[in-house]
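What follows is the content of entry-v1.pdb (PDB, C-alpha atoms, pLDDT in the B column).
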ATOM      1  CA  MET A   1     132.148 115.773 287.601  1.00 58.00           C
ATOM      2  CA  ALA A   2     135.322 114.879 289.482  1.00 63.00           C
ATOM      3  CA  THR A   3     138.283 113.378 287.659  1.00 66.00           C
ATOM      4  CA  ALA A   4     139.409 109.814 288.352  1.00 66.00           C
ATOM      5  CA  PRO A   5     142.119 109.394 291.044  1.00 82.00           C
ATOM      6  CA  LEU A   6     145.641 110.442 290.078  1.00 88.00           C
ATOM      7  CA  SER A   7     147.164 107.682 287.960  1.00 88.00           C
ATOM      8  CA  ILE A   8     150.545 107.329 286.270  1.00 92.00           C
ATOM      9  CA  LYS A   9     148.902 105.102 283.658  1.00 94.00           C
ATOM     10  CA  ALA A  10     146.332 107.808 282.806  1.00 94.00           C
ATOM     11  CA  LEU A  11     149.065 110.435 282.608  1.00 95.00           C
ATOM     12  CA  ILE A  12     151.131 108.330 280.209  1.00 95.00           C
ATOM     13  CA  GLU A  13     148.078 107.552 278.074  1.00 95.00           C
ATOM     14  CA  SER A  14     147.442 111.309 277.810  1.00 95.00           C
ATOM     15  CA  GLY A  15     150.965 111.840 276.429  1.00 95.00           C
ATOM     16  CA  VAL A  16     152.049 114.019 279.348  1.00 97.00           C
ATOM     17  CA  HIS A  17     155.590 112.588 279.129  1.00 95.00           C
ATOM     18  CA  PHE A  18     156.335 113.836 275.610  1.00 95.00           C
ATOM     19  CA  GLY A  19     158.500 116.947 275.712  1.00 95.00           C
ATOM     20  CA  HIS A  20     159.829 119.116 272.886  1.00 93.00           C
ATOM     21  CA  ARG A  21     162.659 118.380 270.493  1.00 92.00           C
ATOM     22  CA  ALA A  22     165.890 117.996 272.438  1.00 92.00           C
ATOM     23  CA  SER A  23     167.445 120.875 270.491  1.00 91.00           C
ATOM     24  CA  LEU A  24     164.785 123.259 271.864  1.00 91.00           C
ATOM     25  CA  TRP A  25     165.055 122.404 275.547  1.00 94.00           C
ATOM     26  CA  ASN A  26     165.831 124.706 278.443  1.00 94.00           C
ATOM     27  CA  PRO A  27     168.753 123.192 280.425  1.00 95.00           C
ATOM     28  CA  LYS A  28     167.032 124.192 283.673  1.00 95.00           C
ATOM     29  CA  MET A  29     164.493 121.447 282.936  1.00 96.00           C
ATOM     30  CA  ARG A  30     167.215 118.781 283.265  1.00 95.00           C
ATOM     31  CA  PRO A  31     165.949 117.490 286.664  1.00 95.00           C
ATOM     32  CA  TYR A  32     162.577 116.718 285.084  1.00 96.00           C
ATOM     33  CA  VAL A  33     163.851 114.892 281.975  1.00 95.00           C
ATOM     34  CA  TYR A  34     163.946 111.092 282.039  1.00 95.00           C
ATOM     35  CA  GLY A  35     165.686 110.580 278.709  1.00 94.00           C
ATOM     36  CA  ARG A  36     165.510 111.065 274.968  1.00 92.00           C
ATOM     37  CA  ARG A  37     163.682 109.154 272.258  1.00 91.00           C
ATOM     38  CA  LYS A  38     164.009 109.944 268.537  1.00 89.00           C
ATOM     39  CA  LEU A  39     165.315 113.472 269.273  1.00 91.00           C
ATOM     40  CA  ILE A  40     162.373 114.138 271.644  1.00 94.00           C
ATOM     41  CA  HIS A  41     162.894 114.647 275.355  1.00 96.00           C
ATOM     42  CA  ILE A  42     160.888 112.312 277.585  1.00 96.00           C
ATOM     43  CA  ILE A  43     159.639 113.888 280.811  1.00 97.00           C
ATOM     44  CA  ASP A  44     159.975 111.892 284.031  1.00 96.00           C
ATOM     45  CA  VAL A  45     156.347 111.152 284.915  1.00 96.00           C
ATOM     46  CA  ARG A  46     157.312 110.658 288.552  1.00 96.00           C
ATOM     47  CA  GLU A  47     158.257 114.334 288.619  1.00 97.00           C
ATOM     48  CA  THR A  48     154.918 115.171 286.994  1.00 97.00           C
ATOM     49  CA  VAL A  49     153.108 113.287 289.760  1.00 96.00           C
ATOM     50  CA  ARG A  50     155.150 115.059 292.447  1.00 96.00           C
ATOM     51  CA  GLY A  51     154.331 118.417 290.897  1.00 97.00           C
ATOM     52  CA  ILE A  52     150.609 117.622 290.713  1.00 97.00           C
ATOM     53  CA  LEU A  53     150.515 116.424 294.329  1.00 96.00           C
ATOM     54  CA  ARG A  54     152.282 119.552 295.610  1.00 97.00           C
ATOM     55  CA  ALA A  55     149.985 121.779 293.561  1.00 97.00           C
ATOM     56  CA  ARG A  56     146.840 119.937 294.664  1.00 97.00           C
ATOM     57  CA  LYS A  57     147.756 120.241 298.343  1.00 96.00           C
ATOM     58  CA  PHE A  58     148.415 123.958 297.986  1.00 98.00           C
ATOM     59  CA  LEU A  59     145.321 124.704 295.885  1.00 98.00           C
ATOM     60  CA  LYS A  60     143.037 122.817 298.245  1.00 97.00           C
ATOM     61  CA  GLN A  61     144.330 124.924 301.123  1.00 97.00           C
ATOM     62  CA  VAL A  62     143.922 128.154 299.127  1.00 97.00           C
ATOM     63  CA  ALA A  63     140.297 127.338 298.300  1.00 97.00           C
ATOM     64  CA  ALA A  64     139.551 126.122 301.842  1.00 97.00           C
ATOM     65  CA  GLU A  65     140.648 129.532 303.116  1.00 96.00           C
ATOM     66  CA  GLY A  66     138.163 131.227 300.791  1.00 96.00           C
ATOM     67  CA  ASN A  67     140.729 132.630 298.359  1.00 97.00           C
ATOM     68  CA  LEU A  68     140.497 132.816 294.587  1.00 97.00           C
ATOM     69  CA  VAL A  69     142.458 130.795 292.042  1.00 98.00           C
ATOM     70  CA  LEU A  70     142.812 132.315 288.566  1.00 98.00           C
ATOM     71  CA  PHE A  71     143.079 129.793 285.693  1.00 98.00           C
ATOM     72  CA  VAL A  72     144.994 131.014 282.622  1.00 98.00           C
ATOM     73  CA  GLY A  73     145.489 129.298 279.271  1.00 97.00           C
ATOM     74  CA  THR A  74     145.003 131.170 276.012  1.00 97.00           C
ATOM     75  CA  LYS A  75     146.609 128.780 273.533  1.00 96.00           C
ATOM     76  CA  ARG A  76     144.209 126.910 271.296  1.00 96.00           C
ATOM     77  CA  GLN A  77     144.847 123.530 272.935  1.00 96.00           C
ATOM     78  CA  ALA A  78     144.151 124.894 276.439  1.00 97.00           C
ATOM     79  CA  SER A  79     141.362 127.464 276.162  1.00 97.00           C
ATOM     80  CA  GLU A  80     138.371 125.117 276.258  1.00 97.00           C
ATOM     81  CA  THR A  81     139.754 123.097 279.169  1.00 97.00           C
ATOM     82  CA  ILE A  82     140.608 126.231 281.146  1.00 98.00           C
ATOM     83  CA  GLU A  83     137.080 127.603 280.760  1.00 97.00           C
ATOM     84  CA  THR A  84     135.399 124.276 281.539  1.00 97.00           C
ATOM     85  CA  GLN A  85     137.461 123.378 284.594  1.00 97.00           C
ATOM     86  CA  ALA A  86     137.548 126.868 286.107  1.00 97.00           C
ATOM     87  CA  THR A  87     133.779 127.126 285.717  1.00 97.00           C
ATOM     88  CA  ARG A  88     133.349 123.691 287.308  1.00 96.00           C
ATOM     89  CA  CYS A  89     135.175 124.748 290.461  1.00 96.00           C
ATOM     90  CA  GLY A  90     133.696 128.262 290.493  1.00 96.00           C
ATOM     91  CA  MET A  91     136.915 130.177 289.827  1.00 97.00           C
ATOM     92  CA  PRO A  92     137.806 133.022 287.419  1.00 97.00           C
ATOM     93  CA  PHE A  93     139.612 132.274 284.175  1.00 98.00           C
ATOM     94  CA  ILE A  94     141.237 133.794 281.107  1.00 97.00           C
ATOM     95  CA  ALA A  95     140.973 131.566 278.044  1.00 96.00           C
ATOM     96  CA  GLU A  96     141.179 133.999 275.131  1.00 94.00           C
ATOM     97  CA  ARG A  97     143.636 136.810 275.709  1.00 93.00           C
ATOM     98  CA  TRP A  98     145.614 138.137 278.654  1.00 96.00           C
ATOM     99  CA  LEU A  99     144.940 141.848 278.889  1.00 93.00           C
ATOM    100  CA  GLY A 100     147.948 143.799 280.125  1.00 93.00           C
ATOM    101  CA  GLY A 101     147.314 144.965 283.677  1.00 94.00           C
ATOM    102  CA  THR A 102     144.770 142.273 284.499  1.00 95.00           C
ATOM    103  CA  LEU A 103     146.445 141.992 287.903  1.00 96.00           C
ATOM    104  CA  THR A 104     148.693 145.038 288.161  1.00 95.00           C
ATOM    105  CA  ASN A 105     145.961 147.428 286.991  1.00 94.00           C
ATOM    106  CA  PHE A 106     143.033 145.584 288.511  1.00 91.00           C
ATOM    107  CA  GLU A 107     140.802 148.639 289.007  1.00 91.00           C
ATOM    108  CA  THR A 108     140.830 149.355 285.274  1.00 92.00           C
ATOM    109  CA  ILE A 109     139.785 145.783 284.559  1.00 91.00           C
ATOM    110  CA  ARG A 110     136.945 146.127 287.064  1.00 90.00           C
ATOM    111  CA  SER A 111     135.777 149.282 285.284  1.00 92.00           C
ATOM    112  CA  ARG A 112     135.781 147.390 281.963  1.00 91.00           C
ATOM    113  CA  LEU A 113     133.656 144.680 283.576  1.00 92.00           C
ATOM    114  CA  ARG A 114     131.158 147.338 284.614  1.00 91.00           C
ATOM    115  CA  ARG A 115     131.098 148.489 280.990  1.00 91.00           C
ATOM    116  CA  LEU A 116     130.431 144.891 279.922  1.00 91.00           C
ATOM    117  CA  GLU A 117     127.446 144.778 282.256  1.00 91.00           C
ATOM    118  CA  GLU A 118     126.175 148.072 280.799  1.00 90.00           C
ATOM    119  CA  LEU A 119     126.430 146.667 277.282  1.00 91.00           C
ATOM    120  CA  GLU A 120     124.578 143.512 278.311  1.00 88.00           C
ATOM    121  CA  ALA A 121     121.759 145.595 279.730  1.00 89.00           C
ATOM    122  CA  ILE A 122     121.547 147.512 276.447  1.00 89.00           C
ATOM    123  CA  MET A 123     121.743 144.412 274.233  1.00 86.00           C
ATOM    124  CA  GLN A 124     119.141 142.478 276.210  1.00 85.00           C
ATOM    125  CA  GLY A 125     116.680 145.323 276.783  1.00 78.00           C
ATOM    126  CA  ASP A 126     114.524 147.685 274.737  1.00 81.00           C
ATOM    127  CA  LEU A 127     117.157 150.424 274.741  1.00 83.00           C
ATOM    128  CA  LEU A 128     118.993 148.922 271.768  1.00 84.00           C
ATOM    129  CA  SER A 129     116.165 149.806 269.389  1.00 85.00           C
ATOM    130  CA  THR A 130     116.633 153.509 270.169  1.00 87.00           C
ATOM    131  CA  TYR A 131     120.070 153.477 268.532  1.00 88.00           C
ATOM    132  CA  SER A 132     120.779 153.765 264.823  1.00 89.00           C
ATOM    133  CA  LYS A 133     121.634 150.608 262.868  1.00 90.00           C
ATOM    134  CA  LYS A 134     125.260 151.719 262.653  1.00 92.00           C
ATOM    135  CA  MET A 135     125.459 152.278 266.412  1.00 92.00           C
ATOM    136  CA  GLN A 136     123.768 148.945 267.106  1.00 89.00           C
ATOM    137  CA  ALA A 137     126.416 147.196 265.025  1.00 92.00           C
ATOM    138  CA  ALA A 138     129.206 149.065 266.847  1.00 93.00           C
ATOM    139  CA  LEU A 139     127.749 148.180 270.246  1.00 91.00           C
ATOM    140  CA  GLY A 140     127.424 144.556 269.175  1.00 90.00           C
ATOM    141  CA  ARG A 141     131.084 144.402 268.140  1.00 93.00           C
ATOM    142  CA  GLU A 142     132.186 146.032 271.408  1.00 92.00           C
ATOM    143  CA  TYR A 143     130.076 143.625 273.441  1.00 91.00           C
ATOM    144  CA  ARG A 144     131.350 140.495 271.690  1.00 92.00           C
ATOM    145  CA  LYS A 145     134.977 141.555 272.092  1.00 92.00           C
ATOM    146  CA  MET A 146     134.588 142.444 275.772  1.00 91.00           C
ATOM    147  CA  TYR A 147     132.611 139.292 276.514  1.00 91.00           C
ATOM    148  CA  ARG A 148     135.289 137.141 274.903  1.00 91.00           C
ATOM    149  CA  ASN A 149     138.103 138.776 276.892  1.00 90.00           C
ATOM    150  CA  LEU A 150     136.449 139.514 280.233  1.00 93.00           C
ATOM    151  CA  ASN A 151     133.591 137.091 280.823  1.00 93.00           C
ATOM    152  CA  GLY A 152     135.750 134.710 282.841  1.00 95.00           C
ATOM    153  CA  LEU A 153     136.729 137.450 285.292  1.00 95.00           C
ATOM    154  CA  ARG A 154     133.227 138.365 286.461  1.00 91.00           C
ATOM    155  CA  ASN A 155     133.616 136.729 289.856  1.00 88.00           C
ATOM    156  CA  MET A 156     137.169 137.991 290.453  1.00 93.00           C
ATOM    157  CA  ASP A 157     136.209 140.703 292.917  1.00 91.00           C
ATOM    158  CA  ARG A 158     139.626 140.644 294.596  1.00 93.00           C
ATOM    159  CA  TYR A 159     143.170 139.582 293.845  1.00 95.00           C
ATOM    160  CA  PRO A 160     143.653 135.825 293.482  1.00 97.00           C
ATOM    161  CA  ALA A 161     145.957 134.047 295.899  1.00 97.00           C
ATOM    162  CA  ALA A 162     147.134 131.641 293.195  1.00 98.00           C
ATOM    163  CA  MET A 163     147.209 131.331 289.433  1.00 98.00           C
ATOM    164  CA  VAL A 164     147.166 128.097 287.413  1.00 98.00           C
ATOM    165  CA  VAL A 165     148.889 128.507 284.047  1.00 98.00           C
ATOM    166  CA  VAL A 166     149.254 126.341 280.964  1.00 98.00           C
ATOM    167  CA  ASP A 167     152.571 127.104 279.234  1.00 97.00           C
ATOM    168  CA  PRO A 168     154.339 129.943 281.112  1.00 97.00           C
ATOM    169  CA  ARG A 169     156.263 130.847 277.950  1.00 96.00           C
ATOM    170  CA  LYS A 170     153.015 131.649 276.177  1.00 96.00           C
ATOM    171  CA  GLU A 171     151.619 133.366 279.287  1.00 97.00           C
ATOM    172  CA  LYS A 172     154.814 135.226 280.237  1.00 97.00           C
ATOM    173  CA  ASN A 173     152.947 138.488 280.871  1.00 97.00           C
ATOM    174  CA  ALA A 174     150.541 136.776 283.257  1.00 97.00           C
ATOM    175  CA  VAL A 175     153.429 135.112 285.115  1.00 97.00           C
ATOM    176  CA  ARG A 176     155.283 138.425 285.323  1.00 97.00           C
ATOM    177  CA  GLU A 177     152.286 140.246 286.807  1.00 97.00           C
ATOM    178  CA  ALA A 178     151.644 137.419 289.285  1.00 97.00           C
ATOM    179  CA  ARG A 179     155.235 137.518 290.472  1.00 97.00           C
ATOM    180  CA  LYS A 180     155.120 141.287 290.902  1.00 97.00           C
ATOM    181  CA  LEU A 181     152.058 141.010 293.157  1.00 96.00           C
ATOM    182  CA  GLY A 182     153.102 137.893 295.051  1.00 96.00           C
ATOM    183  CA  VAL A 183     150.415 135.688 293.496  1.00 97.00           C
ATOM    184  CA  VAL A 184     151.637 132.074 293.631  1.00 98.00           C
ATOM    185  CA  SER A 185     151.958 130.590 290.136  1.00 98.00           C
ATOM    186  CA  ILE A 186     151.373 126.907 289.365  1.00 98.00           C
ATOM    187  CA  ALA A 187     152.217 125.918 285.794  1.00 98.00           C
ATOM    188  CA  LEU A 188     152.091 122.957 283.445  1.00 98.00           C
ATOM    189  CA  ILE A 189     155.551 123.463 282.011  1.00 97.00           C
ATOM    190  CA  ASP A 190     157.214 121.758 279.043  1.00 97.00           C
ATOM    191  CA  THR A 191     160.914 121.113 278.397  1.00 96.00           C
ATOM    192  CA  ASP A 192     161.376 124.412 276.529  1.00 95.00           C
ATOM    193  CA  SER A 193     160.399 126.554 279.536  1.00 95.00           C
ATOM    194  CA  ASP A 194     162.228 127.983 282.554  1.00 96.00           C
ATOM    195  CA  PRO A 195     160.942 126.369 285.778  1.00 96.00           C
ATOM    196  CA  ASP A 196     162.446 129.201 287.843  1.00 96.00           C
ATOM    197  CA  GLU A 197     159.815 131.568 286.423  1.00 96.00           C
ATOM    198  CA  VAL A 198     157.009 129.863 288.357  1.00 97.00           C
ATOM    199  CA  ASP A 199     156.551 128.871 291.989  1.00 97.00           C
ATOM    200  CA  LEU A 200     155.169 125.348 291.536  1.00 98.00           C
ATOM    201  CA  PRO A 201     156.161 123.758 288.206  1.00 98.00           C
ATOM    202  CA  ILE A 202     154.381 120.651 286.936  1.00 98.00           C
ATOM    203  CA  PRO A 203     156.598 119.166 284.214  1.00 98.00           C
ATOM    204  CA  GLY A 204     154.487 117.856 281.372  1.00 97.00           C
ATOM    205  CA  ASN A 205     153.353 118.184 277.792  1.00 97.00           C
ATOM    206  CA  ASP A 206     151.686 121.595 277.472  1.00 96.00           C
ATOM    207  CA  ASP A 207     150.737 121.151 273.803  1.00 95.00           C
ATOM    208  CA  SER A 208     148.595 118.008 273.970  1.00 96.00           C
ATOM    209  CA  ILE A 209     144.885 118.622 274.558  1.00 97.00           C
ATOM    210  CA  ARG A 210     144.566 115.336 276.474  1.00 97.00           C
ATOM    211  CA  SER A 211     147.558 116.098 278.679  1.00 97.00           C
ATOM    212  CA  ILE A 212     146.347 119.621 279.462  1.00 97.00           C
ATOM    213  CA  ASP A 213     142.817 118.428 280.148  1.00 97.00           C
ATOM    214  CA  LEU A 214     143.914 115.712 282.566  1.00 97.00           C
ATOM    215  CA  VAL A 215     146.362 117.834 284.570  1.00 97.00           C
ATOM    216  CA  ILE A 216     144.055 120.844 284.837  1.00 97.00           C
ATOM    217  CA  SER A 217     141.182 118.541 285.824  1.00 97.00           C
ATOM    218  CA  TYR A 218     143.259 117.179 288.704  1.00 97.00           C
ATOM    219  CA  LEU A 219     143.996 120.726 289.874  1.00 97.00           C
ATOM    220  CA  ALA A 220     140.381 121.850 289.542  1.00 97.00           C
ATOM    221  CA  ASP A 221     139.357 118.851 291.660  1.00 96.00           C
ATOM    222  CA  ALA A 222     141.622 120.098 294.455  1.00 97.00           C
ATOM    223  CA  VAL A 223     140.107 123.584 294.276  1.00 97.00           C
ATOM    224  CA  ALA A 224     136.593 122.129 294.371  1.00 96.00           C
ATOM    225  CA  GLU A 225     137.501 119.932 297.349  1.00 96.00           C
ATOM    226  CA  GLY A 226     138.907 122.927 299.227  1.00 96.00           C
ATOM    227  CA  ALA A 227     135.786 124.996 298.549  1.00 94.00           C
ATOM    228  CA  LYS A 228     133.567 122.113 299.657  1.00 94.00           C
ATOM    229  CA  GLU A 229     135.600 121.716 302.834  1.00 92.00           C
ATOM    230  CA  ARG A 230     135.164 125.415 303.586  1.00 90.00           C
ATOM    231  CA  GLU A 231     131.400 125.176 303.126  1.00 86.00           C
ATOM    232  CA  SER A 232     131.277 122.059 305.285  1.00 84.00           C
ATOM    233  CA  ASN A 233     133.177 123.813 308.072  1.00 80.00           C
ATOM    234  CA  LYS A 234     130.776 126.755 307.875  1.00 70.00           C
ATOM    235  CA  TYR A 235     127.837 124.364 308.186  1.00 57.00           C
ATOM    236  CA  ASP A 236     129.408 122.521 311.119  1.00 60.00           C
ATOM    237  CA  GLU A 237     130.146 125.756 312.955  1.00 56.00           C
ATOM    238  CA  ALA A 238     126.636 127.195 312.506  1.00 50.00           C
ATOM    239  CA  PRO A 239     124.854 125.081 315.188  1.00 50.00           C
ATOM    240  CA  ALA A 240     127.581 125.851 317.711  1.00 46.00           C
ATOM    241  CA  ALA A 241     127.271 129.546 317.034  1.00 44.00           C
ATOM    242  CA  GLU A 242     123.507 129.392 317.429  1.00 45.00           C
ATOM    243  CA  ALA A 243     123.468 127.183 320.545  1.00 46.00           C
ATOM    244  CA  ALA A 244     122.188 128.858 323.663  1.00 46.00           C
ATOM    245  CA  ASP A 245     124.673 129.770 326.370  1.00 48.00           C
ATOM    246  CA  PRO A 246     124.079 127.449 329.406  1.00 50.00           C
ATOM    247  CA  ALA A 247     124.615 130.372 331.755  1.00 43.00           C
ATOM    248  CA  GLU A 248     121.972 132.350 329.908  1.00 41.00           C
ATOM    249  CA  GLU A 249     119.551 129.408 330.090  1.00 47.00           C
ATOM    250  CA  LYS A 250     120.092 129.135 333.852  1.00 42.00           C
ATOM    251  CA  ALA A 251     119.563 132.868 334.267  1.00 38.00           C
ATOM    252  CA  ALA A 252     116.312 132.637 332.298  1.00 40.00           C
ATOM    253  CA  ALA A 253     115.134 129.701 334.422  1.00 45.00           C
ATOM    254  CA  ASP A 254     115.950 131.557 337.620  1.00 42.00           C
ATOM    255  CA  ALA A 255     114.046 134.570 336.384  1.00 39.00           C
ATOM    256  CA  GLU A 256     110.967 132.427 335.936  1.00 42.00           C
TER     257      GLU A 256
END
Now, as a test, write the supplied structure out as structure tokens.
Amino acid sequence: MATAPLSIKALIESGVHFGHRASLWNPKMRPYVYGRRKLIHIIDVRETVRGILRARKFLKQVAAEGNLVLFVGTKRQASETIETQATRCGMPFIAERWLGGTLTNFETIRSRLRRLEELEAIMQGDLLSTYSKKMQAALGREYRKMYRNLNGLRNMDRYPAAMVVVDPRKEKNAVREARKLGVVSIALIDTDSDPDEVDLPIPGNDDSIRSIDLVISYLADAVAEGAKERESNKYDEAPAAEAADPAEEKAAADAE
């Protein structure tokens, strides 16, 4: 289900404007800070809106071109939203743990996904009963761990063109790998983070569940719109591709 249209009122109600304690801020976030209230930095919601609009425009284009967007958020407040919204727009996600080399050692990750599929075949078939109880327990533990860490990457059959991140400080390894490979990073970034570490910062509260859910929903909407536009263009082009060539029709008529 699509999110309601972008609204400053909805953003404020979600608490997106509440930053960290002023003593913990990163001075590079100064352009995004509106002021201070009771030792807490207040984020300029106009800057949040600008960041969301820039990110939405870019993500829609990425999806319309048939590219992947990887959603990343492993902190407790973000994991459920990341899984839900990425699944809604048909994109890969990491909501539990970033495995080192997820991007920079992609082939190894693909091999682990093949192992996950092997384990699923064993767990769901008759083969499991041929193993000892001890081995069954070991296979079960391996499967649960791999499923938790890799399930969201099943449809990532190529490098993503963009990565949406909640809290780049928490996901510093993901941001580092994305930068190394030229994957564009879009991040919900609080006042304690460095905006220079990401390509498209969205200043906002990255600790509030409501704030995270609203911002990521807006971004997932853009991805879904881009994918829908791509499918629509494919559909529109199909009749033209299948239409008979007038010259060929004339030649056929002449032949008769």
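Residues surrounding Glu83 (chain A) within 8 Å are Phe93, Ile94, Ala95 and Gly152 of chain A [all atoms listed in the file; sequence separation below 6 positions excluded].
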Find the residues around Val175 (chain A) up to 10 Å (only C-alpha atoms counted), leave out those fewer than 6 positions away in its own chain, and share them as a list in words.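 The residues satisfying every condition are Val72, Met163, Val164, Val165, Asp167, Pro168, Arg169, Val183, Val184, Ser185, Ile186, Ala187, Glu197, Val198 and Asp199 of chain A.
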Please produce, as a Markdown table, a per-residue contact table for region 117-199 of chain A versus region 23-46 of chain A (criterion: any atom at most 12 Å away, all atoms listed in the file considered), showing the nearest atom pair and its distance in Å to one decimal, sorted by chain then residue number.
| residue | atom | partner | partner_atom | distance |
| --- | --- | --- | --- | --- |
| A:Arg169 | CA | A:Asn26 | CA | 11.4 |
| A:Ile189 | CA | A:Met29 | CA | 9.2 |
| A:Asp190 | CA | A:Met29 | CA | 8.3 |
| A:Thr191 | CA | A:Trp25 | CA | 5.2 |
| A:Asp192 | CA | A:Trp25 | CA | 4.3 |
| A:Ser193 | CA | A:Asn26 | CA | 5.8 |
| A:Asp194 | CA | A:Lys28 | CA | 6.2 |
| A:Pro195 | CA | A:Met29 | CA | 6.7 |
| A:Asp196 | CA | A:Lys28 | CA | 8.0 |
| A:Glu197 | CA | A:Lys28 | CA | 10.7 |
Explicit residues for the PyMOL selection byres ((chain A and resi 56) around 8) (as a PyMOL selection string): chain A and resi 52-55+57-60+218-219+222-223
Selected residues, C-alpha atoms, written as a PDB file, keeping the file's coordinate frame, please.
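Generated file (part-v8.pdb):
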ATOM      1  CA  ILE A  52     150.609 117.622 290.713  1.00 97.00           C
ATOM      2  CA  LEU A  53     150.515 116.424 294.329  1.00 96.00           C
ATOM      3  CA  ARG A  54     152.282 119.552 295.610  1.00 97.00           C
ATOM      4  CA  ALA A  55     149.985 121.779 293.561  1.00 97.00           C
ATOM      5  CA  LYS A  57     147.756 120.241 298.343  1.00 96.00           C
ATOM      6  CA  PHE A  58     148.415 123.958 297.986  1.00 98.00           C
ATOM      7  CA  LEU A  59     145.321 124.704 295.885  1.00 98.00           C
ATOM      8  CA  LYS A  60     143.037 122.817 298.245  1.00 97.00           C
ATOM      9  CA  TYR A 218     143.259 117.179 288.704  1.00 97.00           C
ATOM     10  CA  LEU A 219     143.996 120.726 289.874  1.00 97.00           C
ATOM     11  CA  ALA A 222     141.622 120.098 294.455  1.00 97.00           C
ATOM     12  CA  VAL A 223     140.107 123.584 294.276  1.00 97.00           C
TER      13      VAL A 223
END
I'd like the neighbourhood of Thr74 (chain A) as a list in words, where a residue qualifies if any of its atoms comes within 8 Å (using all atoms listed in the file), though same-chain residues fewer than 3 positions away should be ignored. Ala78, Ser79, Ile94, Ala95, Glu96, Arg97, Trp98 and Glu171 of chain A
Taking the file as I've supplied it (selection: the PyMOL selection byres ((chain A and resi 114-121) around 12)), which residues are included? Please answer as a PyMOL selection string. chain A and resi 107-113+122-128+136+138-154+157
Which of these residues is nearest to Gly100 (chain A), using all atoms listed in the file: A:Ile82, A:Leu68, A:Val49, A:Ala178?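 Looking at the shortest contact to Gly100 (chain A), the residue is A:Ala178.
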Nearest residue to Val166 (chain A) out of A:Ala137, A:Ala64, A:Leu188, A:Ile12, using only C-alpha atoms?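 Of A:Ala137, A:Ala64, A:Leu188, A:Ile12, the one nearest Val166 (chain A), counting only C-alpha atoms, is A:Leu188.
Between CA of Lys180 (chain A) and CA of Leu103 (chain A) the interatomic distance comes to 9.2 Å.
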For region 77-87 of chain A, supply N, CA, C and O atoms and report the output as a PDB file, keeping the file's coordinate frame.
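What landed in result01.pdb:
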ATOM      1  N   GLN A  77     145.015 124.848 272.321  1.00 96.00           N
ATOM      2  CA  GLN A  77     144.847 123.530 272.935  1.00 96.00           C
ATOM      3  C   GLN A  77     144.325 123.614 274.377  1.00 96.00           C
ATOM      4  O   GLN A  77     143.799 122.638 274.908  1.00 96.00           O
ATOM      5  N   ALA A  78     144.472 124.779 275.015  1.00 97.00           N
ATOM      6  CA  ALA A  78     144.151 124.894 276.439  1.00 97.00           C
ATOM      7  C   ALA A  78     142.868 125.643 276.734  1.00 97.00           C
ATOM      8  O   ALA A  78     142.262 125.448 277.796  1.00 97.00           O
ATOM      9  N   SER A  79     142.433 126.516 275.829  1.00 97.00           N
ATOM     10  CA  SER A  79     141.362 127.464 276.162  1.00 97.00           C
ATOM     11  C   SER A  79     140.061 126.796 276.605  1.00 97.00           C
ATOM     12  O   SER A  79     139.441 127.206 277.586  1.00 97.00           O
ATOM     13  N   GLU A  80     139.638 125.761 275.903  1.00 97.00           N
ATOM     14  CA  GLU A  80     138.371 125.117 276.258  1.00 97.00           C
ATOM     15  C   GLU A  80     138.456 124.449 277.629  1.00 97.00           C
ATOM     16  O   GLU A  80     137.535 124.552 278.450  1.00 97.00           O
ATOM     17  N   THR A  81     139.568 123.760 277.877  1.00 97.00           N
ATOM     18  CA  THR A  81     139.754 123.097 279.169  1.00 97.00           C
ATOM     19  C   THR A  81     139.786 124.109 280.303  1.00 97.00           C
ATOM     20  O   THR A  81     139.162 123.901 281.356  1.00 97.00           O
ATOM     21  N   ILE A  82     140.501 125.203 280.108  1.00 98.00           N
ATOM     22  CA  ILE A  82     140.608 126.231 281.146  1.00 98.00           C
ATOM     23  C   ILE A  82     139.228 126.772 281.502  1.00 98.00           C
ATOM     24  O   ILE A  82     138.865 126.889 282.683  1.00 98.00           O
ATOM     25  N   GLU A  83     138.422 127.079 280.494  1.00 97.00           N
ATOM     26  CA  GLU A  83     137.080 127.603 280.760  1.00 97.00           C
ATOM     27  C   GLU A  83     136.208 126.559 281.461  1.00 97.00           C
ATOM     28  O   GLU A  83     135.522 126.869 282.450  1.00 97.00           O
ATOM     29  N   THR A  84     136.243 125.339 280.975  1.00 97.00           N
ATOM     30  CA  THR A  84     135.399 124.276 281.539  1.00 97.00           C
ATOM     31  C   THR A  84     135.749 123.971 282.986  1.00 97.00           C
ATOM     32  O   THR A  84     134.876 123.904 283.858  1.00 97.00           O
ATOM     33  N   GLN A  85     137.046 123.777 283.255  1.00 97.00           N
ATOM     34  CA  GLN A  85     137.461 123.378 284.594  1.00 97.00           C
ATOM     35  C   GLN A  85     137.363 124.515 285.604  1.00 97.00           C
ATOM     36  O   GLN A  85     136.986 124.295 286.760  1.00 97.00           O
ATOM     37  N   ALA A  86     137.681 125.727 285.195  1.00 97.00           N
ATOM     38  CA  ALA A  86     137.548 126.868 286.107  1.00 97.00           C
ATOM     39  C   ALA A  86     136.083 127.094 286.463  1.00 97.00           C
ATOM     40  O   ALA A  86     135.743 127.350 287.627  1.00 97.00           O
ATOM     41  N   THR A  87     135.219 126.968 285.475  1.00 97.00           N
ATOM     42  CA  THR A  87     133.779 127.126 285.717  1.00 97.00           C
ATOM     43  C   THR A  87     133.278 126.039 286.659  1.00 97.00           C
ATOM     44  O   THR A  87     132.472 126.290 287.559  1.00 97.00           O
TER      45      THR A  87
END
